[in-house]
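K.L.:
Take a look at this one; I'll ask things after.
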Amino acid sequence: MKKLTIKQERLGPIFGGHPWIFSGAIRQLPEGLIIGEPVEILTDRGDFLASGYFNSYSQLAVRLWSYQADEKIDQTFFATRIKQAQTLRTQYLDLTKTNAFRLVNSESDFLPGLIVDQYDKYLVVQFHTKGIEAWRELIIKALIKTIKPQGIYERSDVANRKWEDLGEINQLLFGEIPEEVEIKENGFKFLVDLKGGQKTGFFLDQRDKRLALMKYCQNKTVLNACSYTGGFSVYALAGGAKRVVNVDASQTALAIAKKNLVLNKFKVNSADFVTIDIKKYLTEVNQGNFDLIILDPPAFIKDHHKKAEGLKGYRHLNETAMRLLPNEGILVSCSCSAHVNLEEWRFLLTDSAARAGVSLQILEVFTHGLDHQQLSAFIEGEYLKVVIGRVIKR
């Protein structure tokens, strides 16, 4: 295994547990390193610090996956990591009510660049980096041996693969995958399109937020903006909502949303399904009087160069929603943009409220869920922010 020496003044982040090493921290990068190749990280004195894989000759040089000296990188290594990740989920999730969750969360499960989501007996994998993709064969074998799924599907169609000069991949890797998979979440049932749905098919990271929503829905008229396949809508109706309006730009997603209502024994006529962009709906089409609005749009900020533009879009959306809500109306406002932190999100909501001429009382704040856990040092892994607030008219 190749050995890389870290400059004395750049040891802090490694001691702190940050999983990335930048090229400027390394004394000398030898020529001929192969992307994905295991490397050991040493101090100037030759003391072992960590190991990882060589990522590239660009700024981000190494991604760390071990703090154990002489750990052999083979199928057993990946199987052990996967088993450790599985144990965390099975220990704390109620598997009698939930059988869909993030099984491997990249850096935070010490497998940087790898995402694995489990949907009952099926797995969806994403390889985000060239380095982890180099270990594809061993990882798939380890998943088959450890999890014993009926099928594994690859959804390596995420935007950040472009930064790694990787193309999009959407393919079956093992077994079989149905056109729609039925899952359980907190006792509710949902149909999921693993092959063509957003992300890996379902927004698993909103599980706890959907459950929290229920207590606010009794006798409420609810707008589920960017509703996708109706996850929040099922919980709203279960919480006693008298009506839910689902708005999404995807007719395919709304078709599944209708099925999900029926699957949970709700009548389709207890909800409306509107295929339209949410901005247009709120400003041109909306004629409803909503007591509760859920804003869960896609990431408006895909890279930091477009942050100002994205913030403007978020601000307009939240301001419009606050104007529509009555006094003491409930707003559930979400952002999955990693380029906006929680403090910035709170400031944006405050600004939006001021523009709408209201005050916003923050009732609950959520970030990642249990199965999307994060290393404390890995701030770059933060992305999800959900604020449940009450609008007070001035």
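Quick note on naming: the chains in the structure tokens go A, B, ... in the order shown, residues restart at 1 in each chain, and ligands are numbered from 1 in order of appearance.
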When DSSP is applied to the backbone of this structure, which of region 3-229 of chain A are assigned helix (DSSP H, G or I)? Write them out as a PyMOL selection string.
P.N.:
chain A and resi 8-10+12-15+23-25+75-92+106-109+130-133+136-147+159-164+204-216
K.L.:
Write out as an NGL selection string the residues lying within 12 Å of Ser359 (chain A), counting only C-alpha atoms and excluding same-chain residues fewer than 6 positions away.
P.N.:
:A and (319 or 322-323 or 325-331 or 349-353 or 389-394)
K.L.:
Name the residues in contact with Leu93 (chain A) at a cut-off of 12 Å, using only C-alpha atoms, excluding same-chain residues fewer than 3 positions from it; report them as a short mmCIF file (atom, residue, chain, number, x, y, z; two decimals) with C-alpha atoms, in the first residue's frame.
P.N.:
```cif
data_model
loop_
_atom_site.label_atom_id
_atom_site.label_comp_id
_atom_site.auth_asym_id
_atom_site.auth_seq_id
_atom_site.Cartn_x
_atom_site.Cartn_y
_atom_site.Cartn_z
CA GLN A 86 -26.73 -2.55 9.02
CA THR A 87 -26.38 -3.13 12.77
CA LEU A 88 -26.82 0.57 13.51
CA ARG A 89 -30.10 0.64 11.56
CA THR A 90 -31.50 -2.62 12.89
CA THR A 96 -41.75 -4.20 12.39
CA LYS A 97 -43.08 -0.90 11.03
CA THR A 98 -40.29 0.25 8.70
CA ASN A 99 -38.41 -1.80 6.09
CA ALA A 100 -36.99 0.99 3.92
CA PHE A 101 -33.96 3.02 5.00
CA ARG A 102 -30.49 4.22 4.02
CA LEU A 103 -28.21 1.27 4.63
CA GLU A 185 -42.65 3.24 6.77
CA ASN A 186 -43.88 3.87 10.31
CA ARG A 207 -39.39 9.64 7.56
CA ASP A 208 -39.25 11.35 10.97
CA GLY A 369 -32.58 11.17 10.22
CA LEU A 370 -31.09 8.25 12.12
CA ASP A 371 -30.16 6.30 8.99
#
```
K.L.:
Which residues are close to region 189-192 of chain A, i.e. within 8 Å by only C-alpha atoms, leaving aside same-chain residues fewer than 2 positions away? Reply as a VMD selection string.
P.N.:
chain A and resid 180 to 185 187 194 197 201 to 202 231 256 259 to 260 263 to 264
K.L.:
With only C-alpha atoms as the basis for distance, which of A:Gly175, A:Gly239, A:Gly230, A:Gly196 is at the shortest distance from Asp296 (chain A)?
P.N.:
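Under the stated criterion, the closest residue is A:Gly230.
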K.L.:
Give me, as a ChimeraX atom specification, the residues of region 36-151 of chain A that a backbone DSSP run labels strand (DSSP E or B).
P.N.:
/A:38-42,48-54,60-66,100-105,114-119,122-127,151
K.L.:
CA of Val262 (chain A) and CA of Glu179 (chain A), how far apart in Å?
P.N.:
18.1 Å
K.L.:
Show me, as a VMD selection string, the residues that have an atom within 10 Å of Asp70 (chain A) when counting only C-alpha atoms, minus same-chain residues fewer than 2 positions from it.
P.N.:
chain A and resid 1 40 48 50 to 51 66 to 68 72 to 73
K.L.:
A:Ala61, A:Ala236, A:Ala69, A:Leu173: which is nearest Asp47 (chain A), counting only C-alpha atoms?
P.N.:
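Nearest candidate to Asp47 (chain A) out of A:Ala61, A:Ala236, A:Ala69, A:Leu173: A:Ala69.
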K.L.:
Skipping near chain neighbours, those fewer than 4 positions away, what residues fall within 12 Å of region 22-25 of chain A using only C-alpha atoms, listed as an MDAnalysis selection string?
P.N.:
chainID A and resid 4:14 18 29:30 41:44 54:64
K.L.:
Near Asp277 (chain A), counting only C-alpha atoms, which residues have an atom at most 8 Å away, once you skip same-chain residues fewer than 6 positions from it, shown as a list in words?
P.N.:
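Here the qualifying residues turn out to be Val247, Asp248 and Ala249 of chain A.
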K.L.:
Write the residues of the preceding selection, restricted to C-alpha atoms, as a CSV table (one decimal), in the first residue's frame.
P.N.:
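What follows is the written file part04.csv:
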```csv
chain,number,residue,atom,x,y,z
A,247,VAL,CA,-49.1,19.6,-6.5
A,248,ASP,CA,-46.2,18.3,-8.5
A,249,ALA,CA,-44.7,18.8,-12.0
```
